[in-house]
Amino acid sequence: MKLFLQILLVVSSILLIIAVLLHKGRGGGLSSLFGGGTQSSLAGSSVAEKNLDRITLFIGAIWMICVVGLGLLLKV
Amino acid sequence: MLSVIRSALATPDLRKKILFTLMIVVLYRVGAVTPAPGVSYEAVQACQPDQGEQGVFSLLNLFSGGALLQLSIFSTGIMPYITASIIVQLLTVVIPRFEELKKEGQAGQNKLTQYTRYLTIALAVLQATGVIALATRGGMFANCPQDVIPDSSVGSTALIVLTMTAGTAVMMWMGELITERGIGNGMSLLIFLNIAARIPIEGEIILSNQGGAVFAVVCVFVLAIISSVVFVEQGQRRIPVQYAKRMVGRRMYGGTSTYLPIKVNQAGVIPVIFASSLLYLPDLISRLVTPETETSWFKRVMAEYVTNQSNWVHIAIYFALIIFFTYFYISITFNVDDRAEDMKKYGGFIPGIRPGRPTAEYLHFVLNRITLPGSIYLGIVAILPNFFLDLTGEGNNQNFPFGGTAVLIMVGVALDTVKQIESQLMQRNYEGFLR
């Protein structure tokens, strides 16, 4: 069980990082950080982006379950 | 004020945005207290260092909202993203290709953002490894009887690093979701939350250590500091710009007179972050390289003059660095030549000054003059907590959330967010928060 959760955690972590990186960045970097100009992107998200959202959410849920599950299992 | 909040909540799309932001915030805070798998929760709780002993970690801990010293899944905090943004921003000056991208407009900007995100993940791996290394070697929790990470095999350590890196990715995504669908800039909002989360704890420490009278005085001081920071943040010099009338086809364009706003504190809080990261760097390196017990002269000098917050040398270096970085950052972000060129292209001019090079020189002069009080103000606010040291007990520092970096960030982000809510509200009715 422990080994299974660990493997699942590794896989879901890597997938999660990839999924997040696949998103289009909307941060705008440092220029809008800490009180820069407020620019709003009016462009709506595409279908691909929406599906990617769902996939990321799904992987994120698995990842969280793994983290909590492993934490409970190890009980250290 | 209350009626404005009610009308903000009564507007359906604004309500949806605010609720969405709150939901992400709750998820984020849950993650910030979830320990990473393999970290002994009991040992971490038992070995929490005192405020004074945190030293080098206080800033990192501040930016992660206390998640760093909990060794939670979000313990890298937002720091990798900040560092990545700073690096990419600086590289636009050095690498011609980056400069090209920056000038390309939205498409180029998106590409730069994408680079920032890749770099964030790379830095997150580095920082997570550093955090684990410090924690296992006892650099983070000094004199801890139990092992913080019981199983210190390579596999288990790699698993923790991987989890923390994934945590950073999740945090980044949360920030972007808030920017996209919520209110305000997500990343800065998360930093704001991290700092705000510490206020009740700090207040309680002051109340229990010093009693009610001192607490009341501190509250008055805090209000005074916050209002003066707001005052300076909002201050700007308006340079009048006159646009010439032009005929394009049958339409008449221009002929308006506007102004070019130059804020007193054009650089925002970034110089403070630059300066404090630079000051913490040598100590962090010396901690990573040499074991805790060994004392070299380098380490002694660092501890005595550079990291000791109440030392005058530290305060002076910090102040000088902030002033330097303010000018440095403004010279990067506000290019007077480009600005003058743009104005000339669209038929604008500053009354009494010829377009082109004289305009650039004039802008340069005004910018430099207004930045001097701006940078001194930044420096004073940033070193303010060093004079409060005695109030919260031995050797407290930047962590004190009522002065310095914390107040600058909080006020900047709060003003920004309120302005954004306001502009949303304006679409429905005309009464807002700011009058």
# chains A, B, ... in the order shown; residues from 1 in each chain; ligands from 1
>>> interface_residues(of="chain B", to="chain A", cutoff="6 Å", atoms="only C-alpha atoms", output="NGL selection string")
:B and (37 or 40 or 85 or 113-114 or 166 or 169 or 176 or 188 or 412-413 or 416)
>>> write_last_selection(atoms="all heavy atoms", output="mmCIF file, in the first residue's frame")
data_model
loop_
_atom_site.group_PDB
_atom_site.id
_atom_site.type_symbol
_atom_site.label_atom_id
_atom_site.label_comp_id
_atom_site.auth_asym_id
_atom_site.auth_seq_id
_atom_site.Cartn_x
_atom_site.Cartn_y
_atom_site.Cartn_z
ATOM 1 N N PRO B 37 4.999 14.405 2.838
ATOM 2 C CA PRO B 37 5.107 13.008 3.259
ATOM 3 C C PRO B 37 6.544 12.676 3.637
ATOM 4 O O PRO B 37 7.473 12.989 2.903
ATOM 5 C CB PRO B 37 4.660 12.225 2.028
ATOM 6 C CG PRO B 37 4.840 13.156 0.892
ATOM 7 C CD PRO B 37 4.596 14.512 1.430
ATOM 8 N N SER B 40 8.355 14.334 9.849
ATOM 9 C CA SER B 40 7.748 14.014 11.126
ATOM 10 C C SER B 40 7.053 15.248 11.685
ATOM 11 O O SER B 40 7.701 16.224 12.061
ATOM 12 C CB SER B 40 8.801 13.525 12.097
ATOM 13 O OG SER B 40 8.257 13.522 13.394
ATOM 14 N N SER B 85 11.005 35.681 -11.767
ATOM 15 C CA SER B 85 10.563 36.917 -12.417
ATOM 16 C C SER B 85 11.682 37.937 -12.426
ATOM 17 O O SER B 85 11.912 38.601 -13.442
ATOM 18 C CB SER B 85 9.358 37.514 -11.695
ATOM 19 O OG SER B 85 8.408 36.562 -11.439
ATOM 20 N N THR B 113 6.611 35.260 -20.018
ATOM 21 C CA THR B 113 5.921 34.661 -18.876
ATOM 22 C C THR B 113 6.136 33.160 -18.851
ATOM 23 O O THR B 113 6.377 32.564 -17.802
ATOM 24 C CB THR B 113 4.415 34.958 -18.954
ATOM 25 O OG1 THR B 113 4.242 36.340 -19.195
ATOM 26 C CG2 THR B 113 3.721 34.574 -17.676
ATOM 27 N N GLN B 114 6.075 32.555 -20.058
ATOM 28 C CA GLN B 114 6.271 31.113 -20.152
ATOM 29 C C GLN B 114 7.681 30.735 -19.671
ATOM 30 O O GLN B 114 7.850 29.778 -18.904
ATOM 31 C CB GLN B 114 6.056 30.678 -21.608
ATOM 32 C CG GLN B 114 5.653 29.248 -21.781
ATOM 33 C CD GLN B 114 4.375 28.913 -21.034
ATOM 34 O OE1 GLN B 114 4.419 28.406 -19.938
ATOM 35 N NE2 GLN B 114 3.235 29.187 -21.631
ATOM 36 N N ALA B 166 6.096 19.972 -6.996
ATOM 37 C CA ALA B 166 4.724 19.930 -7.500
ATOM 38 C C ALA B 166 3.870 20.941 -6.744
ATOM 39 O O ALA B 166 2.993 21.591 -7.328
ATOM 40 C CB ALA B 166 4.146 18.524 -7.352
ATOM 41 N N ALA B 169 4.296 24.233 -8.273
ATOM 42 C CA ALA B 169 3.538 24.319 -9.522
ATOM 43 C C ALA B 169 2.071 24.599 -9.222
ATOM 44 O O ALA B 169 1.440 25.453 -9.863
ATOM 45 C CB ALA B 169 3.686 23.022 -10.317
ATOM 46 N N GLU B 176 -2.394 32.018 -10.905
ATOM 47 C CA GLU B 176 -2.851 32.369 -12.244
ATOM 48 C C GLU B 176 -4.372 32.277 -12.362
ATOM 49 O O GLU B 176 -5.000 33.085 -13.041
ATOM 50 C CB GLU B 176 -2.200 31.435 -13.271
ATOM 51 C CG GLU B 176 -0.796 31.880 -13.606
ATOM 52 C CD GLU B 176 0.016 30.770 -14.225
ATOM 53 O OE1 GLU B 176 -0.560 29.714 -14.532
ATOM 54 O OE2 GLU B 176 1.218 30.960 -14.390
ATOM 55 N N SER B 188 0.529 38.204 -6.248
ATOM 56 C CA SER B 188 0.752 39.160 -5.170
ATOM 57 C C SER B 188 -0.299 38.976 -4.073
ATOM 58 O O SER B 188 -0.020 39.199 -2.897
ATOM 59 C CB SER B 188 0.770 40.595 -5.686
ATOM 60 O OG SER B 188 -0.126 40.782 -6.709
ATOM 61 N N GLY B 412 0.559 47.870 -0.985
ATOM 62 C CA GLY B 412 0.571 47.879 -2.444
ATOM 63 C C GLY B 412 -0.463 46.944 -3.027
ATOM 64 O O GLY B 412 -1.253 47.328 -3.898
ATOM 65 N N VAL B 413 -0.501 45.706 -2.510
ATOM 66 C CA VAL B 413 -1.431 44.719 -3.045
ATOM 67 C C VAL B 413 -2.869 45.101 -2.727
ATOM 68 O O VAL B 413 -3.753 45.007 -3.587
ATOM 69 C CB VAL B 413 -1.108 43.320 -2.482
ATOM 70 C CG1 VAL B 413 -2.133 42.321 -2.948
ATOM 71 C CG2 VAL B 413 0.268 42.893 -2.912
ATOM 72 N N ASP B 416 -4.127 47.842 -4.953
ATOM 73 C CA ASP B 416 -4.338 47.327 -6.296
ATOM 74 C C ASP B 416 -5.641 46.553 -6.404
ATOM 75 O O ASP B 416 -6.429 46.746 -7.332
ATOM 76 C CB ASP B 416 -3.169 46.403 -6.641
ATOM 77 C CG ASP B 416 -2.687 46.618 -8.035
ATOM 78 O OD1 ASP B 416 -2.729 47.773 -8.476
ATOM 79 O OD2 ASP B 416 -2.305 45.631 -8.671
#
>>> residues_around(residues="region 354-360 of chain B", least_positions_apart="6", cutoff="7 Å", atoms="only C-alpha atoms", output="list in words")
Val336, Asp337, Ala340, Glu341 and Lys344 of chain B
>>> residues_around(residues="Leu68 (chain B)", least_positions_apart="5", cutoff="9 Å", atoms="only C-alpha atoms", output="PyMOL selection string")
chain B and resi 32+57+60-63+73-77+131
>>> atom_distance(atom1="CA of Asn194 (chain B)", atom2="CA of Ile132 (chain B)")
21.1 Å
>>> residues_around(residues="Val39 (chain B)", least_positions_apart="6", cutoff="9 Å", atoms="only C-alpha atoms", output="MDAnalysis selection string")
(chainID A and resid 71 76) or (chainID B and resid 71:72 148:151 160)
>>> closest_residue(among="B:Val214, B:Leu159, B:Ile332, B:Ile24", to="Glu99 (chain B)", atoms="only C-alpha atoms")
B:Ile332
>>> atom_distance(atom1="CA of Pro200 (chain B)", atom2="CA of Ala46 (chain B)")
21.2 Å
>>> residues_around(residues="Ile87 (chain B)", least_positions_apart="5", cutoff="9 Å", atoms="only C-alpha atoms", output="PyMOL selection string")
chain B and resi 82+92+116+119
>>> select_by_dssp(residues="region 217-372 of chain B", states="strand (DSSP E)", output="list in words")
Gln236, Arg237, Arg238, Ile239, Pro240, Val241, Gln242, Tyr243, Arg246, Met247, Val248, Arg251, Met252, Tyr253, Ser257, Thr258, Tyr259, Leu260, Pro261, Ile262, Lys263, Gly348 and Phe349 of chain B
>>> write_last_selection(atoms="C-alpha atoms", output="PDB file, in the first residue's frame")
ATOM      1  CA  GLN B 236       2.480  61.142  -8.266  1.00  0.00           C
ATOM      2  CA  ARG B 237       3.863  63.956 -10.354  1.00  0.00           C
ATOM      3  CA  ARG B 238       1.740  64.715 -13.379  1.00  0.00           C
ATOM      4  CA  ILE B 239       3.717  65.993 -16.324  1.00  0.00           C
ATOM      5  CA  PRO B 240       1.352  67.699 -18.757  1.00  0.00           C
ATOM      6  CA  VAL B 241       1.417  66.330 -22.291  1.00  0.00           C
ATOM      7  CA  GLN B 242      -0.285  68.084 -25.183  1.00  0.00           C
ATOM      8  CA  TYR B 243      -1.304  66.087 -28.218  1.00  0.00           C
ATOM      9  CA  ARG B 246      -4.309  65.436 -36.707  1.00  0.00           C
ATOM     10  CA  MET B 247      -6.636  64.611 -39.542  1.00  0.00           C
ATOM     11  CA  VAL B 248      -6.837  60.960 -40.536  1.00  0.00           C
ATOM     12  CA  ARG B 251     -11.802  62.147 -38.680  1.00  0.00           C
ATOM     13  CA  MET B 252     -10.074  64.492 -36.288  1.00  0.00           C
ATOM     14  CA  TYR B 253      -7.784  62.890 -33.722  1.00  0.00           C
ATOM     15  CA  SER B 257      -4.136  67.529 -23.171  1.00  0.00           C
ATOM     16  CA  THR B 258      -3.359  64.702 -20.790  1.00  0.00           C
ATOM     17  CA  TYR B 259      -0.603  64.033 -18.328  1.00  0.00           C
ATOM     18  CA  LEU B 260       2.160  61.509 -17.840  1.00  0.00           C
ATOM     19  CA  PRO B 261       1.947  60.242 -14.267  1.00  0.00           C
ATOM     20  CA  ILE B 262       5.246  59.592 -12.505  1.00  0.00           C
ATOM     21  CA  LYS B 263       4.773  57.988  -9.133  1.00  0.00           C
ATOM     22  CA  GLY B 348       2.571  64.621 -28.255  1.00  0.00           C
ATOM     23  CA  PHE B 349       4.848  67.075 -26.516  1.00  0.00           C
TER      24      PHE B 349
END
>>> select_by_dssp(residues="region 147-376 of chain B", states="alpha helix (DSSP H)", output="ChimeraX atom specification")
/B:154-181,186-196,199-210,212-234,270-289,297-301,312-333,336-345,357-376
>>> decode(residues="region 99-114 of chain B", atoms="all heavy atoms", output="CSV table (one decimal), in the first residue's frame")
chain,number,residue,atom,x,y,z
B,99,GLU,N,15.2,41.1,-25.0
B,99,GLU,CA,14.8,42.5,-25.1
B,99,GLU,C,13.8,42.6,-26.3
B,99,GLU,O,12.8,43.3,-26.3
B,99,GLU,CB,16.0,43.3,-25.4
B,99,GLU,CG,15.8,44.8,-25.1
B,99,GLU,CD,17.0,45.6,-25.4
B,99,GLU,OE1,18.1,45.0,-25.6
B,99,GLU,OE2,16.9,46.8,-25.5
B,100,GLU,N,14.1,41.8,-27.4
B,100,GLU,CA,13.3,41.8,-28.6
B,100,GLU,C,11.9,41.3,-28.2
B,100,GLU,O,10.9,41.9,-28.6
B,100,GLU,CB,13.8,40.8,-29.6
B,100,GLU,CG,14.2,41.4,-30.9
B,100,GLU,CD,15.0,40.4,-31.7
B,100,GLU,OE1,14.4,39.4,-32.1
B,100,GLU,OE2,16.2,40.7,-31.9
B,101,LEU,N,11.8,40.2,-27.4
B,101,LEU,CA,10.5,39.7,-27.0
B,101,LEU,C,9.7,40.7,-26.2
B,101,LEU,O,8.5,40.8,-26.3
B,101,LEU,CB,10.8,38.4,-26.1
B,101,LEU,CG,11.0,37.1,-26.9
B,101,LEU,CD1,11.3,36.0,-25.9
B,101,LEU,CD2,9.9,36.8,-27.8
B,102,LYS,N,10.4,41.4,-25.3
B,102,LYS,CA,9.8,42.4,-24.5
B,102,LYS,C,9.1,43.5,-25.3
B,102,LYS,O,8.0,44.0,-25.0
B,102,LYS,CB,10.8,43.0,-23.5
B,102,LYS,CG,10.1,43.7,-22.3
B,102,LYS,CD,11.1,44.3,-21.5
B,102,LYS,CE,10.5,45.1,-20.4
B,102,LYS,NZ,11.5,45.9,-19.7
B,103,LYS,N,9.8,43.9,-26.4
B,103,LYS,CA,9.3,45.0,-27.2
B,103,LYS,C,8.2,44.5,-28.1
B,103,LYS,O,7.5,45.3,-28.8
B,103,LYS,CB,10.4,45.6,-28.0
B,103,LYS,CG,11.3,46.5,-27.2
B,103,LYS,CD,12.3,47.2,-28.0
B,103,LYS,CE,13.1,48.1,-27.2
B,103,LYS,NZ,14.4,48.4,-27.8
B,104,GLU,N,8.0,43.2,-28.3
B,104,GLU,CA,7.1,42.6,-29.2
B,104,GLU,C,5.6,42.8,-28.8
B,104,GLU,O,4.7,42.5,-29.6
B,104,GLU,CB,7.4,41.1,-29.5
B,104,GLU,CG,7.7,40.8,-30.9
B,104,GLU,CD,8.2,39.4,-31.0
B,104,GLU,OE1,7.5,38.5,-30.5
B,104,GLU,OE2,9.3,39.2,-31.5
B,105,GLY,N,5.4,43.2,-27.6
B,105,GLY,CA,4.0,43.4,-27.2
B,105,GLY,C,3.5,42.1,-26.5
B,105,GLY,O,4.2,41.4,-25.9
B,106,GLN,N,2.2,41.9,-26.6
B,106,GLN,CA,1.5,40.9,-25.9
B,106,GLN,C,2.1,39.5,-26.2
B,106,GLN,O,2.3,38.7,-25.2
B,106,GLN,CB,0.0,40.9,-26.2
B,106,GLN,CG,-0.8,40.2,-25.2
B,106,GLN,CD,-0.6,40.7,-23.8
B,106,GLN,OE1,-0.7,41.9,-23.6
B,106,GLN,NE2,-0.4,39.9,-22.8
B,107,ALA,N,2.3,39.2,-27.4
B,107,ALA,CA,2.8,37.9,-27.8
B,107,ALA,C,4.2,37.6,-27.1
B,107,ALA,O,4.4,36.5,-26.6
B,107,ALA,CB,2.9,37.7,-29.3
B,108,GLY,N,5.1,38.6,-27.2
B,108,GLY,CA,6.4,38.4,-26.7
B,108,GLY,C,6.3,38.3,-25.2
B,108,GLY,O,7.0,37.5,-24.5
B,109,GLN,N,5.4,39.1,-24.6
B,109,GLN,CA,5.3,39.1,-23.1
B,109,GLN,C,4.8,37.7,-22.7
B,109,GLN,O,5.3,37.2,-21.6
B,109,GLN,CB,4.2,40.2,-22.7
B,109,GLN,CG,4.3,40.7,-21.3
B,109,GLN,CD,5.6,41.4,-21.0
B,109,GLN,OE1,6.0,42.3,-21.8
B,109,GLN,NE2,6.3,41.0,-20.0
B,110,ASN,N,3.9,37.1,-23.4
B,110,ASN,CA,3.4,35.8,-23.1
B,110,ASN,C,4.6,34.8,-23.1
B,110,ASN,O,4.7,33.9,-22.2
B,110,ASN,CB,2.4,35.3,-24.0
B,110,ASN,CG,1.0,36.0,-23.7
B,110,ASN,OD1,0.9,36.6,-22.7
B,110,ASN,ND2,0.1,35.8,-24.7
B,111,LYS,N,5.5,34.9,-24.0
B,111,LYS,CA,6.6,34.0,-24.1
B,111,LYS,C,7.5,34.2,-22.9
B,111,LYS,O,8.0,33.2,-22.4
B,111,LYS,CB,7.4,34.3,-25.4
B,111,LYS,CG,8.1,33.1,-25.9
B,111,LYS,CD,8.1,33.1,-27.5
B,111,LYS,CE,8.3,31.7,-28.0
B,111,LYS,NZ,8.3,31.7,-29.4
B,112,LEU,N,7.7,35.5,-22.6
B,112,LEU,CA,8.6,35.7,-21.4
B,112,LEU,C,7.9,35.1,-20.1
B,112,LEU,O,8.6,34.5,-19.3
B,112,LEU,CB,8.7,37.2,-21.2
B,112,LEU,CG,9.8,37.9,-22.0
B,112,LEU,CD1,9.9,39.4,-21.6
B,112,LEU,CD2,11.1,37.3,-21.9
B,113,THR,N,6.6,35.3,-20.0
B,113,THR,CA,5.9,34.7,-18.9
B,113,THR,C,6.1,33.2,-18.9
B,113,THR,O,6.4,32.6,-17.8
B,113,THR,CB,4.4,35.0,-19.0
B,113,THR,OG1,4.2,36.3,-19.2
B,113,THR,CG2,3.7,34.6,-17.7
B,114,GLN,N,6.1,32.6,-20.1
B,114,GLN,CA,6.3,31.1,-20.2
B,114,GLN,C,7.7,30.7,-19.7
B,114,GLN,O,7.8,29.8,-18.9
B,114,GLN,CB,6.1,30.7,-21.6
B,114,GLN,CG,5.7,29.2,-21.8
B,114,GLN,CD,4.4,28.9,-21.0
B,114,GLN,OE1,4.4,28.4,-19.9
B,114,GLN,NE2,3.2,29.2,-21.6
